[in-house]
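One file, run.txt, carrying compact mmCIF, C-alpha atoms:
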```
# COMPACT_ATOMS: atom_id res chain seq x y z
CA MET Y 28 61.94 55.99 151.38
CA SER Y 29 59.33 58.38 150.05
CA LEU Y 30 57.93 58.09 146.55
CA GLY Y 31 58.72 60.86 144.06
CA ILE Y 32 59.22 61.54 140.35
CA LEU Y 33 61.53 64.59 140.40
CA THR Y 34 64.70 62.51 140.76
CA ASN Y 35 65.00 58.86 139.82
CA VAL Y 36 68.03 58.03 141.93
CA ALA Y 37 67.94 54.31 141.11
CA ALA Y 38 67.93 55.05 137.39
CA THR Y 39 70.83 57.48 137.81
CA TYR Y 40 72.91 54.88 139.63
CA ALA Y 41 72.06 52.26 137.03
CA GLU Y 42 72.94 54.63 134.18
CA ASN Y 43 76.29 55.60 135.71
CA ASN Y 44 77.25 52.00 136.28
CA LEU Y 45 76.15 51.07 132.77
CA ASN Y 46 78.26 53.88 131.30
CA GLN Y 47 81.30 52.67 133.21
CA THR Y 48 80.67 49.12 132.05
CA GLN Y 49 80.33 50.23 128.41
CA SER Y 50 83.58 52.20 128.65
CA SER Y 51 85.42 49.22 130.12
CA LEU Y 52 83.90 46.91 127.50
CA GLN Y 53 85.01 49.24 124.71
CA ASN Y 54 88.54 49.34 126.15
CA VAL Y 55 88.75 45.55 126.35
CA LEU Y 56 87.50 45.17 122.77
CA GLN Y 57 90.12 47.67 121.63
CA GLN Y 58 92.85 45.72 123.42
CA LEU Y 59 91.69 42.48 121.85
CA SER Y 60 91.40 43.90 118.34
CA SER Y 61 94.74 45.76 118.41
CA GLY Y 62 96.75 43.23 120.38
CA SER Y 63 98.04 46.08 122.53
CA ARG Y 64 96.88 47.07 125.97
CA LEU Y 65 98.29 50.60 125.46
CA ASN Y 66 96.11 52.32 122.89
CA SER Y 67 96.20 55.75 124.50
CA GLY Y 68 98.02 57.55 127.28
CA ALA Y 69 94.98 57.05 129.49
CA ASP Y 70 95.46 53.27 129.48
CA ASP Y 71 98.76 53.43 131.38
CA ALA Y 72 100.62 56.74 131.26
CA ALA Y 73 103.75 55.48 133.00
CA GLY Y 74 103.81 52.24 131.01
CA LEU Y 75 103.39 54.10 127.72
CA SER Y 76 106.27 56.43 128.58
CA ILE Y 77 108.54 53.48 129.34
CA ALA Y 78 107.43 51.57 126.23
CA ASP Y 79 108.01 54.56 123.95
CA GLY Y 80 111.47 55.00 125.42
CA LEU Y 81 112.24 51.32 124.83
CA THR Y 82 111.04 51.62 121.24
CA ALA Y 83 113.45 54.51 120.65
CA ASN Y 84 116.27 52.48 122.22
CA GLN Y 85 115.44 49.56 119.93
CA ALA Y 86 115.55 51.76 116.84
CA ALA Y 87 118.95 53.16 117.85
CA LEU Y 88 120.37 49.71 118.57
CA THR Y 89 119.09 48.28 115.30
CA GLN Y 90 120.81 51.07 113.37
CA SER Y 91 123.93 50.74 115.50
CA ALA Y 92 124.21 47.08 114.51
CA GLN Y 93 123.83 48.16 110.88
CA ASN Y 94 126.49 50.84 111.36
CA ALA Y 95 128.88 48.19 112.67
CA GLN Y 96 128.11 45.90 109.74
CA ASN Y 97 128.76 48.76 107.33
CA GLY Y 98 132.14 49.17 108.99
CA VAL Y 99 132.81 45.45 108.62
CA GLY Y 100 131.92 45.66 104.93
CA LEU Y 101 134.36 48.53 104.47
CA LEU Y 102 137.14 46.70 106.27
CA GLN Y 103 136.54 43.47 104.39
CA THR Y 104 136.77 45.41 101.14
CA ALA Y 105 140.09 46.87 102.30
CA ASP Y 106 141.36 43.47 103.38
CA GLY Y 107 140.44 41.89 100.05
CA ALA Y 108 142.27 44.64 98.18
CA LEU Y 109 145.36 44.31 100.36
CA SER Y 110 145.29 40.57 99.79
CA GLN Y 111 145.70 41.25 96.08
CA VAL Y 112 148.47 43.73 96.87
CA THR Y 113 150.29 41.00 98.79
CA ASN Y 114 150.00 38.68 95.79
CA LEU Y 115 151.46 41.37 93.56
CA LEU Y 116 154.29 42.03 96.00
CA ASP Y 117 155.03 38.32 96.15
CA ARG Y 118 155.50 38.40 92.39
CA ALA Y 119 157.70 41.47 92.79
CA VAL Y 120 159.85 39.52 95.27
CA THR Y 121 160.32 36.81 92.68
CA LEU Y 122 161.35 39.36 90.06
CA ALA Y 123 163.71 41.20 92.41
CA THR Y 124 165.30 37.98 93.61
CA GLU Y 125 165.80 36.91 90.03
CA ALA Y 126 167.30 40.26 89.04
CA SER Y 127 169.60 40.43 92.07
CA ASN Y 128 171.25 37.15 91.09
CA GLY Y 129 173.39 38.88 88.51
CA GLY Y 130 172.95 36.25 85.83
CA LEU Y 131 170.52 38.25 83.68
CA THR Y 132 171.34 40.10 80.53
CA ALA Y 133 170.58 43.79 80.27
CA ALA Y 134 167.50 42.98 78.19
CA GLN Y 135 166.29 40.48 80.76
CA SER Y 136 166.82 42.95 83.59
CA THR Y 137 164.87 45.54 81.65
CA ALA Y 138 162.03 43.07 81.08
CA ALA Y 139 161.95 42.19 84.79
CA ASN Y 140 161.93 45.86 85.72
CA THR Y 141 159.12 46.57 83.24
CA GLU Y 142 156.95 43.98 84.96
CA PHE Y 143 157.95 45.30 88.38
CA GLN Y 144 157.01 48.85 87.44
CA SER Y 145 153.65 47.60 86.14
CA ILE Y 146 153.13 45.94 89.53
CA LEU Y 147 153.71 49.25 91.29
CA THR Y 148 151.29 50.93 88.89
CA GLU Y 149 148.64 48.28 89.52
CA ILE Y 150 149.04 48.62 93.27
CA GLY Y 151 148.54 52.36 92.85
CA ASN Y 152 145.40 51.67 90.83
CA ILE Y 153 144.08 49.42 93.60
CA GLY Y 154 144.70 52.22 96.08
CA SER Y 155 142.87 54.81 94.00
CA THR Y 156 139.94 52.75 92.71
CA THR Y 157 138.96 50.56 95.67
CA ASN Y 158 135.80 52.03 97.18
CA PHE Y 159 132.93 51.16 99.48
CA ASN Y 160 129.56 52.88 99.22
CA SER Y 161 131.04 55.39 96.77
CA SER Y 162 133.84 56.32 99.17
CA ALA Y 163 137.50 55.55 98.48
CA VAL Y 164 138.75 52.94 100.92
CA PHE Y 165 142.41 53.93 101.03
CA ASN Y 166 144.49 57.08 101.42
CA GLY Y 167 142.42 58.50 104.28
CA ALA Y 168 139.25 59.09 102.28
CA ALA Y 169 137.14 56.32 103.81
CA PRO Y 170 134.94 56.85 106.88
CA THR Y 171 136.74 55.61 109.98
CA THR Y 172 134.25 56.41 112.75
CA PHE Y 173 131.14 54.36 113.45
CA VAL Y 174 128.60 55.47 116.05
CA LEU Y 175 127.14 52.74 118.24
CA THR Y 176 124.43 53.86 120.66
CA ASP Y 177 121.22 52.76 122.39
CA GLY Y 178 119.78 56.24 122.03
CA THR Y 179 120.79 57.37 125.51
CA ALA Y 180 124.57 57.11 125.52
CA THR Y 181 126.89 57.31 122.54
CA GLY Y 182 129.80 54.98 122.03
CA VAL Y 183 132.05 55.94 119.14
CA THR Y 184 134.10 53.17 117.58
CA THR Y 185 137.01 54.43 115.50
CA ILE Y 186 138.91 52.31 113.00
CA SER Y 187 142.12 53.43 111.36
CA ALA Y 188 143.37 50.52 109.29
CA ALA Y 189 141.18 51.50 106.34
CA ALA Y 190 143.12 54.75 106.14
CA THR Y 191 146.20 52.82 104.95
CA VAL Y 192 148.12 54.77 102.33
CA LEU Y 193 148.31 52.74 99.14
CA THR Y 194 149.85 54.33 96.07
CA ALA Y 195 152.56 53.37 93.62
CA ALA Y 196 154.93 55.53 95.65
CA SER Y 197 153.93 54.31 99.12
CA ILE Y 198 152.96 50.74 99.92
CA GLY Y 199 152.42 49.59 103.48
CA GLY Y 200 154.37 52.55 104.81
CA THR Y 201 157.33 51.90 102.48
CA ALA Y 202 158.23 54.59 99.95
CA PHE Y 203 159.07 53.63 96.38
CA THR Y 204 160.85 56.09 94.08
CA ALA Y 205 162.33 56.11 90.61
CA ALA Y 206 165.53 54.74 92.18
CA ASP Y 207 163.70 51.53 93.01
CA THR Y 208 164.41 49.55 89.89
CA LEU Y 209 165.52 46.10 88.79
CA ALA Y 210 167.60 47.55 85.97
CA GLY Y 211 169.89 50.54 85.56
CA ALA Y 212 173.63 51.03 85.67
CA THR Y 213 174.10 48.41 88.38
CA PRO Y 214 171.02 46.18 88.02
CA GLN Y 215 172.16 43.59 90.57
CA ALA Y 216 172.70 46.15 93.34
CA SER Y 217 169.51 48.02 92.42
CA ALA Y 218 167.54 44.78 92.51
CA GLN Y 219 168.92 43.88 95.95
CA THR Y 220 168.02 47.31 97.34
CA THR Y 221 164.56 47.09 95.80
CA LEU Y 222 164.11 43.57 97.21
CA THR Y 223 164.67 44.93 100.70
CA ALA Y 224 162.04 47.63 100.11
CA ILE Y 225 159.55 45.10 98.76
CA THR Y 226 160.06 42.86 101.78
CA THR Y 227 159.47 45.79 104.10
CA ALA Y 228 156.33 46.72 102.16
CA ILE Y 229 154.99 43.18 102.49
CA ALA Y 230 155.47 43.40 106.26
CA GLY Y 231 153.68 46.75 106.33
CA VAL Y 232 150.73 45.43 104.32
CA SER Y 233 150.59 42.37 106.57
CA ALA Y 234 150.48 44.61 109.66
CA ALA Y 235 147.68 46.67 108.10
CA ARG Y 236 145.70 43.52 107.39
CA GLY Y 237 146.22 42.41 110.98
CA ALA Y 238 144.86 45.73 112.23
CA ILE Y 239 141.92 45.41 109.84
CA GLY Y 240 141.20 41.92 111.15
CA ALA Y 241 141.23 43.17 114.73
CA ASN Y 242 138.84 45.98 113.82
CA ILE Y 243 136.52 43.55 112.02
CA ASN Y 244 136.38 41.44 115.18
CA GLN Y 245 135.74 44.55 117.27
CA LEU Y 246 132.86 45.72 115.07
CA ASN Y 247 131.36 42.24 114.84
CA ALA Y 248 131.41 42.03 118.64
CA ALA Y 249 129.79 45.47 118.90
CA ALA Y 250 127.10 44.48 116.40
CA SER Y 251 126.44 41.27 118.34
CA VAL Y 252 126.06 43.17 121.62
CA ALA Y 253 123.72 45.72 120.00
CA SER Y 254 121.58 42.98 118.48
CA SER Y 255 121.40 41.07 121.76
CA GLU Y 256 120.43 44.21 123.67
CA GLU Y 257 117.79 45.02 121.04
CA VAL Y 258 116.22 41.57 121.50
CA ASN Y 259 116.10 42.02 125.27
CA LEU Y 260 114.53 45.47 124.93
CA SER Y 261 112.01 44.08 122.46
CA SER Y 262 111.00 41.47 125.00
CA ALA Y 263 110.62 44.09 127.73
CA ASN Y 264 108.65 46.36 125.40
CA SER Y 265 106.30 43.54 124.46
CA ALA Y 266 105.71 42.71 128.11
CA ILE Y 267 104.52 46.27 128.66
CA ARG Y 268 102.53 46.77 125.47
CA ALA Y 269 101.06 43.38 124.61
CA THR Y 270 97.49 42.50 125.50
CA ASN Y 271 97.13 39.73 128.07
CA PHE Y 272 94.55 37.77 126.12
CA GLY Y 273 93.71 35.48 129.00
CA GLN Y 274 92.87 38.44 131.23
CA ALA Y 275 91.23 40.39 128.41
CA THR Y 276 88.88 37.59 127.37
CA SER Y 277 87.92 37.07 131.02
CA ASP Y 278 87.17 40.79 131.33
CA LEU Y 279 85.21 40.69 128.08
CA ALA Y 280 82.89 38.02 129.44
CA LYS Y 281 82.49 39.94 132.71
CA PHE Y 282 81.66 43.27 131.05
CA GLN Y 283 79.29 41.66 128.59
CA VAL Y 284 77.30 40.20 131.48
CA LEU Y 285 77.44 43.51 133.39
CA SER Y 286 76.29 45.35 130.28
CA GLN Y 287 73.26 43.10 129.93
CA THR Y 288 72.39 43.27 133.62
CA GLY Y 289 72.99 47.03 133.64
CA ILE Y 290 70.57 47.57 130.78
CA SER Y 291 68.02 45.39 132.57
CA ALA Y 292 68.53 47.27 135.85
CA LEU Y 293 68.13 50.64 134.12
CA ALA Y 294 64.90 49.45 132.53
CA GLN Y 295 63.65 48.30 135.91
CA ALA Y 296 64.60 51.61 137.56
CA ASN Y 297 62.76 53.57 134.87
CA SER Y 298 59.67 51.39 135.14
CA ALA Y 299 59.58 51.66 138.95
CA GLN Y 300 58.30 55.25 138.80
CA GLN Y 301 55.44 54.10 136.66
CA GLU Y 302 54.07 52.46 139.80
CA ILE Y 303 53.24 55.94 141.16
CA LEU Y 304 50.47 56.19 138.58
CA LYS Y 305 48.62 53.40 140.39
CA LEU Y 306 48.25 55.69 143.38
CA LEU Y 307 46.26 58.11 141.22
CA GLN Y 308 43.77 55.50 140.06
```
Starting from the coordinates I provided, produce the structure as structure tokens.
Amino acid sequence: MSLGILTNVAATYAENNLNQTQSSLQNVLQQLSSGSRLNSGADDAAGLSIADGLTANQAALTQSAQNAQNGVGLLQTADGALSQVTNLLDRAVTLATEASNGGLTAAQSTAANTEFQSILTEIGNIGSTTNFNSSAVFNGAAPTTFVLTDGTATGVTTISAAATVLTAASIGGTAFTAADTLAGATPQASAQTTLTAITTAIAGVSAARGAIGANINQLNAAASVASSEEVNLSSANSAIRATNFGQATSDLAKFQVLSQTGISALAQANSAQQEILKLLQ
């Protein structure tokens, strides 16, 4: 090979290799310091696309689990209120049974009916004042649809038990009117008729609570599935994103050595042309 000074090919090779080594070293240091092997799209374009998609799926599943739990909270609120309604109706059964016996005086029948009417009023109050997250639970005002999704496909879970009508005039699907009384012209007959209505109302409330319980189980199962899927996606996401510290530290040692030898080689390539000056002496 002839001697010349116009182009230092050896130095150019050494410089290019050193630049590549420095770039690789910088990338490894970034992976080690961030804990992630994907710090830009250039690191792994396909992997980053998959990881970002998984992150979006995780976010949707986490919120879906929360949506389901919100639904459970609503239903548990409704169930607790209906439990109190059942207790009140049980007391109404006692009063109606007592009044239908025919052994009460007019004053006693009136007193029993006064308490019964207050029970109806209190049940109506429960229906109008029970709320969850500032929304009325009964009478169709509460939310009954909960969206569960992984961000790619939507699954809508609808519950209807919380829409149970609960007023003084309608309890568990049974209508109560002014004719429903434990007193009146024929208190014994009125009490027996009212007792039948109360018993029917108790069955209606019980059925509503059963439907609520089924929906609670459904939403809890949906929340469990969403949480389990989120954990699995998190694991897959981590496998793509996380720095392999064993590999990274090995690469760090390699590039540090290459950096040092590259600098030395570049110095040697630059000094080689200085030998030409000896020919001019």
Around (172.3, 50.4, 84.9), as given in the file, which residues come within 12 Å? Count all atoms listed in the file and list them as JSON, numbers by chain.
{"Y": [132, 133, 134, 136, 137, 140, 206, 207, 208, 209, 210, 211, 212, 213, 214, 215, 216, 217, 218]}
Could the residues in this selection be written to a file with C-alpha atoms, as a compact mmCIF listing (two decimals), in the frame of the given file?
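Once written, result-v2.txt looks like this:
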```
# COMPACT_ATOMS: atom_id res chain seq x y z
CA THR Y 132 171.34 40.10 80.53
CA ALA Y 133 170.58 43.79 80.27
CA ALA Y 134 167.50 42.98 78.19
CA SER Y 136 166.82 42.95 83.59
CA THR Y 137 164.87 45.54 81.65
CA ASN Y 140 161.93 45.86 85.72
CA ALA Y 206 165.53 54.74 92.18
CA ASP Y 207 163.70 51.53 93.01
CA THR Y 208 164.41 49.55 89.89
CA LEU Y 209 165.52 46.10 88.79
CA ALA Y 210 167.60 47.55 85.97
CA GLY Y 211 169.89 50.54 85.56
CA ALA Y 212 173.63 51.03 85.67
CA THR Y 213 174.10 48.41 88.38
CA PRO Y 214 171.02 46.18 88.02
CA GLN Y 215 172.16 43.59 90.57
CA ALA Y 216 172.70 46.15 93.34
CA SER Y 217 169.51 48.02 92.42
CA ALA Y 218 167.54 44.78 92.51
```
Using all atoms listed in the file, what does the table of stretch 236-289 of chain Y residues within 7 Å of stretch 70-84 of chain Y look like, with each row giving the shortest atom pair and its distance in Å to one decimal, sorted by chain and ascending number, as CSV?
```
residue,atom,partner,partner_atom,distance
Y:Leu260,CA,Y:Leu81,CA,6.3
Y:Asn264,CA,Y:Ala78,CA,5.4
Y:Ile267,CA,Y:Gly74,CA,6.5
Y:Arg268,CA,Y:Ala78,CA,6.9
```
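Shortest atom-to-atom contact with Y:Thr113 among Y:Ser51, Y:Ser233, Y:Asn152, Y:Gln219: Y:Ser233, counting all atoms listed in the file.
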Give me, please, the distance in Å between atom CA of Y:Ser127 and atom CA of Y:Thr220, quoted to one decimal.
8.8 Å
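Taking atom CA of Y:Leu109 as the reference point, atom CA of Y:Ala126 is found at 25.0 Å.
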What is the atom CA of Y:Gly154 to atom CA of Y:Glu142 distance in Å?
18.5 Å
Residues near Y:Ser255, cut-off 12 Å, only C-alpha atoms, skip fewer than 5 positions along chain, as a short mmCIF file (atom, residue, chain, number, x, y, z; two decimals) with C-alpha atoms, keeping the file's coordinate frame:
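As written to disk, part.cif reads:
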```cif
data_model
loop_
_atom_site.label_atom_id
_atom_site.label_comp_id
_atom_site.auth_asym_id
_atom_site.auth_seq_id
_atom_site.Cartn_x
_atom_site.Cartn_y
_atom_site.Cartn_z
CA GLN Y 85 115.44 49.56 119.93
CA LEU Y 88 120.37 49.71 118.57
CA THR Y 89 119.09 48.28 115.30
CA SER Y 91 123.93 50.74 115.50
CA ALA Y 92 124.21 47.08 114.51
CA ASP Y 177 121.22 52.76 122.39
CA ALA Y 248 131.41 42.03 118.64
CA ALA Y 249 129.79 45.47 118.90
CA ALA Y 250 127.10 44.48 116.40
CA LEU Y 260 114.53 45.47 124.93
CA SER Y 261 112.01 44.08 122.46
CA SER Y 262 111.00 41.47 125.00
#
```
